[in-house]
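As stored in query.tsv (TSV, C-alpha atoms):
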chain	number	residue	atom	x	y	z
A	19	MET	CA	-4.76	-25.39	11.67
A	20	SER	CA	-5.27	-28.99	10.57
A	21	PHE	CA	-2.28	-31.06	9.50
A	22	SER	CA	-3.71	-31.46	5.98
A	23	MET	CA	-3.99	-27.67	5.62
A	24	TYR	CA	-0.42	-27.33	6.91
A	25	GLU	CA	0.77	-29.76	4.24
A	26	GLN	CA	-1.21	-27.95	1.53
A	27	ILE	CA	0.40	-24.62	2.43
A	28	PHE	CA	3.91	-26.02	2.12
A	29	ALA	CA	3.00	-27.81	-1.10
A	30	ALA	CA	1.82	-24.52	-2.61
A	31	HIS	CA	5.22	-22.97	-1.90
A	32	GLN	CA	7.35	-25.92	-3.07
A	33	GLY	CA	10.04	-24.64	-5.44
A	34	GLY	CA	8.71	-21.10	-5.13
A	35	LYS	CA	5.57	-19.57	-6.60
A	36	LEU	CA	6.96	-17.88	-9.71
A	37	SER	CA	8.59	-18.76	-13.01
A	38	VAL	CA	9.85	-16.79	-16.01
A	39	GLU	CA	8.33	-17.56	-19.39
A	40	PRO	CA	9.19	-16.00	-22.78
A	41	LYS	CA	6.54	-14.09	-24.71
A	42	GLN	CA	7.88	-15.55	-27.96
A	43	THR	CA	9.33	-18.93	-28.95
A	44	VAL	CA	12.51	-19.53	-30.94
A	45	HIS	CA	11.75	-22.22	-33.53
A	46	ASN	CA	14.59	-21.81	-36.02
A	47	SER	CA	17.68	-19.84	-36.97
A	48	VAL	CA	15.59	-17.01	-38.42
A	49	ASP	CA	13.83	-16.56	-35.10
A	50	LEU	CA	17.17	-16.74	-33.31
A	51	ALA	CA	18.66	-14.04	-35.52
A	52	ARG	CA	15.66	-11.79	-34.89
A	53	ILE	CA	15.36	-12.30	-31.15
A	54	TYR	CA	19.05	-12.60	-30.31
A	55	THR	CA	22.20	-12.11	-32.35
A	56	PRO	CA	22.62	-10.39	-34.76
A	57	GLY	CA	19.23	-8.64	-34.83
A	58	VAL	CA	19.22	-7.62	-31.18
A	59	ALA	CA	22.17	-5.30	-31.88
A	60	GLU	CA	19.86	-3.01	-33.85
A	61	VAL	CA	17.55	-2.64	-30.87
A	62	CYS	CA	20.45	-2.10	-28.48
A	63	SER	CA	21.82	0.64	-30.74
A	64	ALA	CA	18.41	2.31	-30.94
A	65	ILE	CA	18.16	2.42	-27.15
A	66	HIS	CA	21.75	3.67	-26.89
A	67	ARG	CA	20.83	6.58	-29.17
A	68	GLU	CA	17.53	7.22	-27.41
A	69	PRO	CA	17.50	5.77	-23.88
A	70	ASP	CA	13.80	6.57	-23.58
A	71	LYS	CA	13.10	3.72	-26.01
A	72	ALA	CA	13.87	1.27	-23.18
A	73	HIS	CA	10.29	1.89	-22.02
A	74	THR	CA	8.90	0.39	-25.23
A	75	LEU	CA	11.59	-2.03	-26.38
A	76	THR	CA	12.36	-3.85	-23.09
A	77	ILE	CA	10.46	-5.32	-20.15
A	78	LYS	CA	10.86	-1.98	-18.35
A	79	LYS	CA	7.43	-1.00	-19.69
A	80	ASN	CA	5.63	-3.52	-17.50
A	81	THR	CA	8.02	-4.61	-14.74
A	82	VAL	CA	8.07	-3.74	-11.04
A	83	ALA	CA	10.69	-4.75	-8.48
A	84	VAL	CA	9.25	-5.89	-5.14
A	85	ILE	CA	12.14	-5.16	-2.77
A	86	SER	CA	12.62	-5.96	0.92
A	87	ASP	CA	15.36	-6.44	3.48
A	88	GLY	CA	13.09	-8.60	5.63
A	89	THR	CA	13.29	-6.36	8.70
A	90	SER	CA	9.57	-5.74	9.22
A	91	VAL	CA	7.55	-8.61	7.76
A	92	LEU	CA	3.89	-8.34	8.73
A	93	GLY	CA	3.16	-10.33	11.86
A	94	LEU	CA	6.69	-11.76	11.95
A	95	GLY	CA	9.05	-8.80	12.38
A	96	ASP	CA	12.75	-8.96	11.52
A	97	ILE	CA	13.14	-12.39	9.90
A	98	GLY	CA	15.77	-11.51	7.30
A	99	PRO	CA	15.87	-11.65	3.49
A	100	TYR	CA	15.64	-15.41	3.00
A	101	ALA	CA	12.54	-15.83	5.15
A	102	ALA	CA	10.93	-12.73	3.60
A	103	ALA	CA	11.12	-14.19	0.09
A	104	PRO	CA	7.79	-16.11	0.18
A	105	VAL	CA	5.95	-12.87	0.96
A	106	MET	CA	7.60	-11.05	-1.92
A	107	GLU	CA	6.80	-13.94	-4.26
A	108	GLY	CA	3.17	-13.85	-3.18
A	109	LYS	CA	3.00	-10.15	-3.87
A	110	ALA	CA	4.48	-10.67	-7.32
A	111	MET	CA	1.80	-13.28	-8.02
A	112	LEU	CA	-0.96	-10.80	-7.16
A	113	PHE	CA	0.63	-8.13	-9.34
A	114	LYS	CA	0.45	-10.49	-12.30
A	115	GLN	CA	-2.92	-12.09	-11.64
A	116	LEU	CA	-4.81	-8.92	-10.79
A	117	ALA	CA	-3.14	-6.31	-12.98
A	118	GLY	CA	-0.97	-8.09	-15.56
A	119	VAL	CA	2.15	-6.48	-14.10
A	120	ASP	CA	5.37	-8.50	-14.25
A	121	ALA	CA	6.80	-8.17	-10.75
A	122	PHE	CA	10.05	-9.67	-9.53
A	123	PRO	CA	10.90	-10.33	-5.86
A	124	ILE	CA	14.27	-9.01	-4.68
A	125	CYS	CA	15.42	-9.63	-1.11
A	126	LEU	CA	18.51	-7.68	-0.07
A	127	ASP	CA	21.05	-9.13	2.37
A	128	THR	CA	21.74	-5.80	4.07
A	129	THR	CA	19.98	-3.48	6.45
A	130	ASP	CA	22.29	-0.55	5.79
A	131	THR	CA	20.29	2.40	4.46
A	132	GLU	CA	23.03	3.60	2.13
A	133	GLU	CA	23.64	0.14	0.67
A	134	ILE	CA	19.94	-0.38	0.06
A	135	ILE	CA	19.60	2.96	-1.72
A	136	ARG	CA	22.69	2.36	-3.86
A	137	THR	CA	21.65	-1.18	-4.75
A	138	ILE	CA	18.15	-0.19	-5.83
A	139	GLN	CA	19.48	2.76	-7.80
A	140	ARG	CA	21.91	0.48	-9.66
A	141	ILE	CA	19.33	-2.15	-10.60
A	142	SER	CA	16.62	0.37	-11.50
A	143	PRO	CA	17.30	0.63	-15.29
A	144	ILE	CA	15.41	-2.61	-16.02
A	145	PHE	CA	12.34	-1.74	-13.93
A	146	GLY	CA	9.40	0.57	-14.56
A	147	GLY	CA	8.62	0.93	-10.84
A	148	ILE	CA	9.89	0.08	-7.37
A	149	ASN	CA	7.62	-1.40	-4.69
A	150	LEU	CA	9.35	-1.27	-1.31
A	151	GLU	CA	8.07	-3.81	1.18
A	152	ASP	CA	8.59	-4.82	4.82
A	153	ILE	CA	11.44	-2.40	5.58
A	154	SER	CA	11.48	-1.27	9.19
A	155	SER	CA	10.73	2.23	10.41
A	156	PRO	CA	12.22	4.83	10.51
A	157	ARG	CA	14.73	3.74	7.82
A	158	CYS	CA	11.89	3.18	5.34
A	159	PHE	CA	11.07	6.89	5.29
A	160	GLU	CA	14.55	7.97	4.22
A	161	ILE	CA	14.96	5.09	1.76
A	162	GLU	CA	11.74	5.94	-0.04
A	163	ARG	CA	12.31	9.70	-0.01
A	164	ARG	CA	15.83	9.54	-1.39
A	165	LEU	CA	15.01	6.94	-4.04
A	166	ALA	CA	12.08	9.07	-5.19
A	167	ASP	CA	14.54	11.95	-5.66
A	168	LEU	CA	17.15	9.80	-7.40
A	169	LEU	CA	14.97	7.81	-9.81
A	170	ASP	CA	12.63	8.84	-12.63
A	171	ILE	CA	10.27	5.91	-12.02
A	172	PRO	CA	7.61	5.49	-9.30
A	173	VAL	CA	8.87	4.45	-5.86
A	174	PHE	CA	6.09	3.26	-3.55
A	175	HIS	CA	6.46	1.87	-0.03
A	176	ASP	CA	3.35	-0.27	0.17
A	177	ASP	CA	3.42	-0.75	3.95
A	178	GLN	CA	3.01	3.00	4.26
A	179	HIS	CA	0.95	4.20	1.35
A	180	GLY	CA	-0.91	1.07	0.32
A	181	THR	CA	-2.18	0.70	3.86
A	182	ALA	CA	-3.12	4.37	4.11
A	183	ILE	CA	-5.01	4.33	0.80
A	184	VAL	CA	-7.14	1.28	1.58
A	185	VAL	CA	-7.82	2.55	5.13
A	186	LEU	CA	-9.07	5.83	3.70
A	187	ALA	CA	-11.19	4.02	1.11
A	188	GLY	CA	-12.80	1.93	3.85
A	189	LEU	CA	-13.29	5.00	6.02
A	190	PHE	CA	-15.08	6.89	3.23
A	191	ASN	CA	-17.67	4.12	3.05
A	192	ALA	CA	-17.84	3.51	6.80
A	193	LEU	CA	-18.67	7.19	7.32
A	194	LYS	CA	-21.55	6.87	4.85
A	195	VAL	CA	-22.87	3.90	6.82
A	196	ALA	CA	-22.53	5.81	10.11
A	197	GLY	CA	-23.95	9.04	8.68
A	198	LYS	CA	-20.89	11.13	9.56
A	199	GLN	CA	-18.76	13.70	7.72
A	200	ILE	CA	-15.00	13.40	7.52
A	201	ASP	CA	-14.40	17.00	8.59
A	202	GLN	CA	-16.49	16.55	11.74
A	203	ILE	CA	-15.05	13.34	13.19
A	204	ARG	CA	-12.45	12.74	15.88
A	205	VAL	CA	-9.97	10.06	14.83
A	206	VAL	CA	-7.54	8.11	17.01
A	207	VAL	CA	-4.68	6.35	15.17
A	208	ASN	CA	-2.74	3.87	17.29
A	209	GLY	CA	0.77	2.85	16.19
A	210	ILE	CA	2.69	5.69	14.56
A	211	GLY	CA	5.25	3.73	12.60
A	212	ALA	CA	5.45	3.52	8.82
A	213	ALA	CA	1.79	2.66	8.22
A	214	GLY	CA	0.42	4.83	11.01
A	215	MET	CA	2.32	7.87	9.84
A	216	ALA	CA	1.11	7.46	6.26
A	217	ILE	CA	-2.46	6.98	7.49
A	218	CYS	CA	-2.26	10.22	9.47
A	219	ARG	CA	-1.00	12.10	6.42
A	220	MET	CA	-3.79	10.71	4.24
A	221	LEU	CA	-6.45	11.51	6.85
A	222	LEU	CA	-5.28	15.11	7.05
A	223	ARG	CA	-5.23	15.43	3.28
A	224	ALA	CA	-8.74	13.99	3.08
A	225	GLY	CA	-10.11	16.59	5.48
A	226	VAL	CA	-9.89	15.21	9.04
A	227	THR	CA	-9.76	18.16	11.46
A	228	ARG	CA	-9.43	16.33	14.82
A	229	LEU	CA	-6.60	13.80	14.93
A	230	VAL	CA	-5.09	11.94	17.89
A	231	PRO	CA	-1.93	9.99	16.95
A	232	VAL	CA	-1.00	7.51	19.69
A	233	ASP	CA	2.08	5.39	20.24
A	234	ARG	CA	3.25	3.29	23.21
A	235	GLU	CA	4.10	6.33	25.31
A	236	GLY	CA	0.69	7.90	24.68
A	237	ALA	CA	-0.73	10.61	22.45
A	238	ILE	CA	1.51	12.72	20.25
A	239	VAL	CA	0.29	16.25	21.02
A	240	LEU	CA	0.21	19.61	19.31
A	241	GLY	CA	3.24	21.65	20.34
A	242	GLY	CA	5.15	18.67	21.71
A	243	ARG	CA	8.86	18.07	21.13
A	244	TYR	CA	9.90	14.70	19.72
A	245	SER	CA	13.21	13.24	18.53
A	246	GLN	CA	11.48	11.23	15.80
A	247	PRO	CA	11.12	13.60	12.81
A	248	MET	CA	7.80	12.14	11.67
A	249	TRP	CA	6.30	12.54	15.14
A	250	GLN	CA	7.57	16.11	15.24
A	251	TRP	CA	5.87	16.78	11.92
A	252	LEU	CA	2.58	15.59	13.42
A	253	ALA	CA	3.09	17.73	16.53
A	254	GLU	CA	3.21	20.79	14.28
A	255	ARG	CA	-0.11	20.09	12.53
A	256	PRO	CA	-3.00	22.22	13.83
A	257	GLU	CA	-5.44	19.33	13.40
A	258	VAL	CA	-3.61	17.30	16.07
A	259	GLU	CA	-5.08	17.60	19.57
A	260	ALA	CA	-3.05	19.11	22.40
A	261	ILE	CA	-4.40	16.96	25.24
A	262	PRO	CA	-2.02	14.16	26.35
A	263	GLY	CA	-3.08	10.72	27.53
A	264	LEU	CA	-2.74	6.99	27.05
A	265	LEU	CA	-4.80	5.15	24.44
A	266	LYS	CA	-7.47	4.07	26.93
A	267	GLU	CA	-7.94	7.72	27.91
A	268	VAL	CA	-7.93	9.45	24.52
A	269	ILE	CA	-10.24	6.91	22.85
A	270	ARG	CA	-13.19	8.22	24.87
A	271	ASP	CA	-15.63	10.08	22.60
A	272	ALA	CA	-13.63	9.21	19.46
A	273	ASP	CA	-15.70	8.61	16.33
A	274	VAL	CA	-13.03	6.46	14.69
A	275	PHE	CA	-10.25	4.18	15.94
A	276	ILE	CA	-7.61	3.00	13.47
A	277	GLY	CA	-5.10	0.50	14.83
A	278	VAL	CA	-1.86	-0.54	13.16
A	279	SER	CA	-0.10	-1.60	16.32
A	280	ARG	CA	-0.45	-4.89	18.22
A	281	GLY	CA	-3.12	-7.24	19.40
A	282	GLY	CA	-5.15	-6.84	22.56
A	283	VAL	CA	-4.54	-3.15	23.33
A	284	LEU	CA	-8.29	-2.43	23.64
A	285	THR	CA	-11.16	-4.02	25.52
A	286	ALA	CA	-14.93	-3.81	25.27
A	287	ASP	CA	-14.87	-1.29	28.15
A	288	ASP	CA	-12.71	1.01	26.01
A	289	VAL	CA	-14.78	1.01	22.83
A	290	GLN	CA	-18.15	1.33	24.55
A	291	TYR	CA	-17.18	4.87	25.56
A	292	MET	CA	-16.47	5.96	21.99
A	293	ALA	CA	-18.95	8.34	20.31
A	294	PRO	CA	-22.28	6.89	19.10
A	295	GLY	CA	-22.04	5.22	15.69
A	296	SER	CA	-18.35	4.52	16.20
A	297	ILE	CA	-16.02	2.97	13.63
A	298	VAL	CA	-13.17	0.63	14.60
A	299	PHE	CA	-10.47	-0.55	12.17
A	300	ALA	CA	-8.40	-3.02	14.24
A	301	MET	CA	-5.73	-4.08	11.74
A	302	ALA	CA	-2.95	-5.65	13.77
A	303	ASN	CA	-2.11	-9.10	12.39
A	304	PRO	CA	-2.63	-11.87	13.19
A	305	ASP	CA	-4.41	-10.65	16.35
A	306	PRO	CA	-6.40	-7.39	16.07
A	307	GLU	CA	-6.22	-4.64	18.67
A	308	ILE	CA	-9.60	-5.88	19.87
A	309	ALA	CA	-11.42	-9.07	18.90
A	310	PRO	CA	-14.52	-8.53	16.74
A	311	GLU	CA	-16.66	-10.44	19.22
A	312	GLU	CA	-15.74	-7.96	21.96
A	313	ALA	CA	-16.19	-4.81	19.89
A	314	LEU	CA	-19.28	-5.52	17.77
A	315	PRO	CA	-21.87	-4.98	20.52
A	316	TYR	CA	-20.62	-1.38	20.87
A	317	VAL	CA	-19.47	-0.22	17.43
A	318	GLN	CA	-21.37	0.37	14.19
A	319	VAL	CA	-18.63	-0.61	11.72
A	320	PHE	CA	-15.75	-2.97	12.44
A	321	ALA	CA	-12.89	-3.92	10.11
A	322	THR	CA	-9.66	-5.91	10.40
A	323	GLY	CA	-6.76	-6.93	8.19
A	324	ARG	CA	-7.87	-10.57	8.28
A	325	SER	CA	-9.63	-12.50	5.54
A	326	ASP	CA	-11.79	-14.53	7.94
A	327	TYR	CA	-13.89	-11.53	9.02
A	328	PRO	CA	-15.97	-9.05	6.99
A	329	ASN	CA	-14.38	-5.76	5.86
A	330	GLN	CA	-10.82	-6.91	5.24
A	331	ILE	CA	-8.54	-3.88	4.92
A	332	ASN	CA	-5.96	-5.32	2.54
A	333	ASN	CA	-3.22	-3.60	0.53
A	334	ALA	CA	-3.91	-5.95	-2.38
A	335	LEU	CA	-6.81	-3.61	-3.20
A	336	VAL	CA	-4.23	-0.89	-3.89
A	337	PHE	CA	-0.85	-1.88	-5.27
A	338	PRO	CA	-1.91	-3.75	-8.45
A	339	GLY	CA	-4.12	-0.93	-9.73
A	340	ILE	CA	-1.91	1.95	-8.66
A	341	PHE	CA	1.14	0.49	-10.42
A	342	ARG	CA	-0.95	-0.53	-13.45
A	343	GLY	CA	-1.99	3.09	-13.83
A	344	ALA	CA	1.47	4.50	-13.11
A	345	LEU	CA	3.11	2.18	-15.65
A	346	ASP	CA	0.51	2.81	-18.33
A	347	CYS	CA	0.98	6.59	-18.20
A	348	ARG	CA	4.71	6.32	-17.46
A	349	ALA	CA	4.33	8.39	-14.31
A	350	SER	CA	7.56	9.72	-12.88
A	351	SER	CA	6.27	9.25	-9.34
A	352	ILE	CA	3.18	8.34	-7.34
A	353	ASN	CA	2.15	11.58	-5.68
A	354	GLU	CA	-0.47	12.50	-3.09
A	355	GLU	CA	-3.10	13.32	-5.72
A	356	MET	CA	-2.73	9.85	-7.23
A	357	LYS	CA	-2.99	8.18	-3.81
A	358	LEU	CA	-6.14	10.10	-2.91
A	359	ALA	CA	-7.66	9.29	-6.29
A	360	ALA	CA	-6.93	5.60	-5.69
A	361	ALA	CA	-8.74	5.73	-2.33
A	362	TYR	CA	-11.84	7.28	-3.88
A	363	ALA	CA	-11.74	4.71	-6.70
A	364	ILE	CA	-11.60	1.76	-4.30
A	365	ALA	CA	-14.47	3.17	-2.24
A	366	SER	CA	-16.56	3.71	-5.38
A	367	ALA	CA	-16.37	0.00	-6.25
A	368	ILE	CA	-19.25	-0.55	-3.81
A	369	PRO	CA	-22.45	1.30	-4.82
A	370	ASP	CA	-24.01	3.32	-2.01
A	371	ALA	CA	-27.11	1.12	-2.13
A	372	GLU	CA	-24.97	-1.92	-1.26
A	373	LEU	CA	-23.07	-0.37	1.64
A	374	SER	CA	-23.64	-1.88	5.06
A	375	PRO	CA	-21.75	-2.33	8.34
A	376	VAL	CA	-20.28	-5.56	6.94
A	377	ASN	CA	-19.67	-4.32	3.39
A	378	ILE	CA	-17.46	-1.23	3.22
A	379	VAL	CA	-14.58	-2.50	1.06
A	380	PRO	CA	-14.63	-4.60	-2.12
A	381	ALA	CA	-13.26	-8.12	-2.26
A	382	VAL	CA	-9.51	-8.38	-2.71
A	383	LEU	CA	-9.85	-10.44	-5.92
A	384	ASP	CA	-12.43	-8.09	-7.50
A	385	ARG	CA	-10.82	-7.22	-10.85
A	386	GLU	CA	-13.09	-4.20	-11.26
A	387	VAL	CA	-11.11	-2.53	-8.48
A	388	VAL	CA	-7.89	-2.63	-10.51
A	389	ALA	CA	-9.64	-1.10	-13.52
A	390	ARG	CA	-11.17	1.70	-11.43
A	391	VAL	CA	-7.91	2.48	-9.63
A	392	ARG	CA	-5.94	2.45	-12.89
A	393	VAL	CA	-8.17	5.03	-14.55
A	394	ALA	CA	-8.33	7.25	-11.46
A	395	VAL	CA	-4.55	7.15	-10.98
A	396	ILE	CA	-3.85	7.97	-14.64
A	397	ARG	CA	-6.22	10.94	-14.59
A	398	ALA	CA	-4.69	12.22	-11.35
A	399	ALA	CA	-1.19	11.76	-12.80
A	400	VAL	CA	-2.16	13.76	-15.89
A	401	SER	CA	-3.80	16.58	-13.93
A	402	SER	CA	-0.85	16.82	-11.51
A	403	GLY	CA	1.83	16.74	-14.21
A	404	GLN	CA	3.27	13.30	-13.43
A	405	ALA	CA	2.20	11.46	-16.61
A	406	ARG	CA	4.53	11.28	-19.61
A	407	VAL	CA	2.14	9.49	-21.97
A	408	MET	CA	-1.62	9.04	-22.21
A	409	PRO	CA	-2.89	5.48	-22.76
A	410	VAL	CA	-4.84	5.13	-26.00
A	411	ASP	CA	-8.01	4.00	-24.25
A	412	LEU	CA	-8.17	7.25	-22.27
A	413	MET	CA	-7.23	9.70	-25.00
A	414	ASP	CA	-10.84	10.47	-25.86
A	415	GLY	CA	-12.05	10.31	-22.28
A	416	VAL	CA	-13.41	6.77	-22.59
A	417	SER	CA	-12.73	4.67	-19.50
Go ahead and render the structure in this file as structure tokens.
Amino acid sequence: MSFSMYEQIFAAHQGGKLSVEPKQTVHNSVDLARIYTPGVAEVCSAIHREPDKAHTLTIKKNTVAVISDGTSVLGLGDIGPYAAAPVMEGKAMLFKQLAGVDAFPICLDTTDTEEIIRTIQRISPIFGGINLEDISSPRCFEIERRLADLLDIPVFHDDQHGTAIVVLAGLFNALKVAGKQIDQIRVVVNGIGAAGMAICRMLLRAGVTRLVPVDREGAIVLGGRYSQPMWQWLAERPEVEAIPGLLKEVIRDADVFIGVSRGGVLTADDVQYMAPGSIVFAMANPDPEIAPEEALPYVQVFATGRSDYPNQINNALVFPGIFRGALDCRASSINEEMKLAAAYAIASAIPDAELSPVNIVPAVLDREVVARVRVAVIRAAVSSGQARVMPVDLMDGVS
């Protein structure tokens, strides 16, 4: 990185990347009386009588909390709440720019599961949704599950579900390019933490029948016994293979490799023995599981999490649209039907005629993606009983 680029990066973050601006301006005492005292008392009393009115009379209608404890920041690990703040600010910027959602970064100075749950529960009245971010596994599973039970607003751990949704969207299109069917492929997923576990769940829901989850000790196998509850859940799924082995062994004859682990775990010798027309999503950041230059001679479709290569698998394709839809229909949660609908919507943003080995996912800043995901998520929320209102623009079926 050049010194001038280094300076530009720090300049872009100077003083933070967000500010709060009012939607109205107070010009005189009449405005003051209407916006603040004494007029505001009428609105407060109305909400006190009918708490549901908070969704229309406060910022709750359009506000998401982006919350982290800084224990699992992408590519950096456990760097704490202060150092995690720039990431949360950046995410809030994308929420606003891409979907018009007012998002606020909140970095918690605790790693205690109970304290995190209590804190988020106590601040939740002002927010319409909770986006959990960069919380280490396995604590993230319990935190999300319990908050989803405690709160009546969507709770979404983006590292898990955002990653899984965009991976599935990319896979749908990659399979079209490779001429393969999702129920006939053998998929190896390397790195069964928060993201890897969510990816496995989404793959099974989408119809994958041959799954090989792999972590550092090797493949998680059907019928195995594991102390980690999520691994045990996988070991009880009939779609999971029963043959043990290390990554370099089980990747032979695989149609698809999905990596959410660490850089350099594969070589060209490994991927050349995958099935013909193979698909490799090497998403470790900043260094992929295998460099594109090594893999491309042997695979048909290659994707990473990086912006400097084609086919960037990026969560920013997911979270703005999925929360836009959830907020607009006042969904009580973001369920599996809504996640699957979001994946199909992202994939559909590229017409079949334009699909190619280097074009399986839309651009991160493509605003059409947000619109597609919003509509798909709302419809899935309605059909699955999660929506509490129907946006006016969808009442007559017009999208």
Checklist line | Residues near stretch 297-304 of chain A, cut-off 10 Å, only C-alpha atoms, skip fewer than 5 positions along chain, as an MDAnalysis selection string | finding: chainID A and resid 92:94 181 185 188:189 192:193 195:196 205:209 272:284 289 292 309:310 313:314 316:324 329:332 375
Write to file, as a compact mmCIF listing (two decimals), keeping the file's coordinate frame, the residues of the selection just made, with C-alpha atoms.
# COMPACT_ATOMS: atom_id res chain seq x y z
CA LEU A 92 3.89 -8.34 8.73
CA GLY A 93 3.16 -10.33 11.86
CA LEU A 94 6.69 -11.76 11.95
CA THR A 181 -2.18 0.70 3.86
CA VAL A 185 -7.82 2.55 5.13
CA GLY A 188 -12.80 1.93 3.85
CA LEU A 189 -13.29 5.00 6.02
CA ALA A 192 -17.84 3.51 6.80
CA LEU A 193 -18.67 7.19 7.32
CA VAL A 195 -22.87 3.90 6.82
CA ALA A 196 -22.53 5.81 10.11
CA VAL A 205 -9.97 10.06 14.83
CA VAL A 206 -7.54 8.11 17.01
CA VAL A 207 -4.68 6.35 15.17
CA ASN A 208 -2.74 3.87 17.29
CA GLY A 209 0.77 2.85 16.19
CA ALA A 272 -13.63 9.21 19.46
CA ASP A 273 -15.70 8.61 16.33
CA VAL A 274 -13.03 6.46 14.69
CA PHE A 275 -10.25 4.18 15.94
CA ILE A 276 -7.61 3.00 13.47
CA GLY A 277 -5.10 0.50 14.83
CA VAL A 278 -1.86 -0.54 13.16
CA SER A 279 -0.10 -1.60 16.32
CA ARG A 280 -0.45 -4.89 18.22
CA GLY A 281 -3.12 -7.24 19.40
CA GLY A 282 -5.15 -6.84 22.56
CA VAL A 283 -4.54 -3.15 23.33
CA LEU A 284 -8.29 -2.43 23.64
CA VAL A 289 -14.78 1.01 22.83
CA MET A 292 -16.47 5.96 21.99
CA ALA A 309 -11.42 -9.07 18.90
CA PRO A 310 -14.52 -8.53 16.74
CA ALA A 313 -16.19 -4.81 19.89
CA LEU A 314 -19.28 -5.52 17.77
CA TYR A 316 -20.62 -1.38 20.87
CA VAL A 317 -19.47 -0.22 17.43
CA GLN A 318 -21.37 0.37 14.19
CA VAL A 319 -18.63 -0.61 11.72
CA PHE A 320 -15.75 -2.97 12.44
CA ALA A 321 -12.89 -3.92 10.11
CA THR A 322 -9.66 -5.91 10.40
CA GLY A 323 -6.76 -6.93 8.19
CA ARG A 324 -7.87 -10.57 8.28
CA ASN A 329 -14.38 -5.76 5.86
CA GLN A 330 -10.82 -6.91 5.24
CA ILE A 331 -8.54 -3.88 4.92
CA ASN A 332 -5.96 -5.32 2.54
CA PRO A 375 -21.75 -2.33 8.34
Note to self: Env of A:Val336: 10 Å cut, atoms = all atoms listed in the file, seq-sep filter 4 positions within chain, self excluded. Answer as a PyMOL selection string.
What the structure shows: chain A and resi 176+179-184+187+332+340-341+357+360-361+363-364+382+387-388+391-392
How would the residues just picked look written out with C-alpha atoms as an mmCIF file, in the frame of the given file?
data_model
loop_
_atom_site.group_PDB
_atom_site.id
_atom_site.type_symbol
_atom_site.label_atom_id
_atom_site.label_comp_id
_atom_site.auth_asym_id
_atom_site.auth_seq_id
_atom_site.Cartn_x
_atom_site.Cartn_y
_atom_site.Cartn_z
ATOM 1 C CA ASP A 176 3.350 -0.270 0.170
ATOM 2 C CA HIS A 179 0.950 4.200 1.350
ATOM 3 C CA GLY A 180 -0.910 1.070 0.320
ATOM 4 C CA THR A 181 -2.180 0.700 3.860
ATOM 5 C CA ALA A 182 -3.120 4.370 4.110
ATOM 6 C CA ILE A 183 -5.010 4.330 0.800
ATOM 7 C CA VAL A 184 -7.140 1.280 1.580
ATOM 8 C CA ALA A 187 -11.190 4.020 1.110
ATOM 9 C CA ASN A 332 -5.960 -5.320 2.540
ATOM 10 C CA ILE A 340 -1.910 1.950 -8.660
ATOM 11 C CA PHE A 341 1.140 0.490 -10.420
ATOM 12 C CA LYS A 357 -2.990 8.180 -3.810
ATOM 13 C CA ALA A 360 -6.930 5.600 -5.690
ATOM 14 C CA ALA A 361 -8.740 5.730 -2.330
ATOM 15 C CA ALA A 363 -11.740 4.710 -6.700
ATOM 16 C CA ILE A 364 -11.600 1.760 -4.300
ATOM 17 C CA VAL A 382 -9.510 -8.380 -2.710
ATOM 18 C CA VAL A 387 -11.110 -2.530 -8.480
ATOM 19 C CA VAL A 388 -7.890 -2.630 -10.510
ATOM 20 C CA VAL A 391 -7.910 2.480 -9.630
ATOM 21 C CA ARG A 392 -5.940 2.450 -12.890
#
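Between A:Arg163 and the candidates A:Val395, A:Ile352, A:Leu264, A:Val84, the tightest atom-to-atom separation, counting all atoms listed in the file, involves A:Ile352.
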Next item on the list: Tell me, as a list in words, which residues lie within 12 Å of A:Ser63, counting all atoms listed in the file; anything in the same chain fewer than 6 positions away does not count.
Entry: Pro56, Gly57, Pro69, Lys71, Ala72 and Leu75 of chain A
Based on the selection just made, write C-alpha atoms of those residues as a compact mmCIF listing (two decimals), in the frame of the given file.
# COMPACT_ATOMS: atom_id res chain seq x y z
CA PRO A 56 22.62 -10.39 -34.76
CA GLY A 57 19.23 -8.64 -34.83
CA PRO A 69 17.50 5.77 -23.88
CA LYS A 71 13.10 3.72 -26.01
CA ALA A 72 13.87 1.27 -23.18
CA LEU A 75 11.59 -2.03 -26.38
Margin query: Could you tell me how far atom CA of A:Leu229 sits from atom CA of A:Ala253, in Å to one decimal place?
Written below: 10.6 Å
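Distances to A:Ile368 were evaluated for A:Trp249, A:Phe190, A:Phe122, A:Tyr244 using all atoms listed in the file, and the minimum falls at A:Phe190.
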Next item on the list: Would you list the contacts of stretch 35-45 of chain A as number ranges by chain, taking every protein, DNA or RNA residue within 9 Å and counting all atoms listed in the file, but skipping same-chain residues closer than 2 positions in sequence?
Entry: A: 30-33, 47-50, 53, 104, 107-108, 110-111, 122
Restricted to C-alpha atoms, what would the selected residues look like written as a JSON list (two decimals), in the frame of the given file?
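Generated output (result30.json):
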[["chain", "number", "residue", "atom", "x", "y", "z"],
["A", 30, "ALA", "CA", 1.82, -24.52, -2.61],
["A", 31, "HIS", "CA", 5.22, -22.97, -1.90],
["A", 32, "GLN", "CA", 7.35, -25.92, -3.07],
["A", 33, "GLY", "CA", 10.04, -24.64, -5.44],
["A", 47, "SER", "CA", 17.68, -19.84, -36.97],
["A", 48, "VAL", "CA", 15.59, -17.01, -38.42],
["A", 49, "ASP", "CA", 13.83, -16.56, -35.10],
["A", 50, "LEU", "CA", 17.17, -16.74, -33.31],
["A", 53, "ILE", "CA", 15.36, -12.30, -31.15],
["A", 104, "PRO", "CA", 7.79, -16.11, 0.18],
["A", 107, "GLU", "CA", 6.80, -13.94, -4.26],
["A", 108, "GLY", "CA", 3.17, -13.85, -3.18],
["A", 110, "ALA", "CA", 4.48, -10.67, -7.32],
["A", 111, "MET", "CA", 1.80, -13.28, -8.02],
["A", 122, "PHE", "CA", 10.05, -9.67, -9.53]]
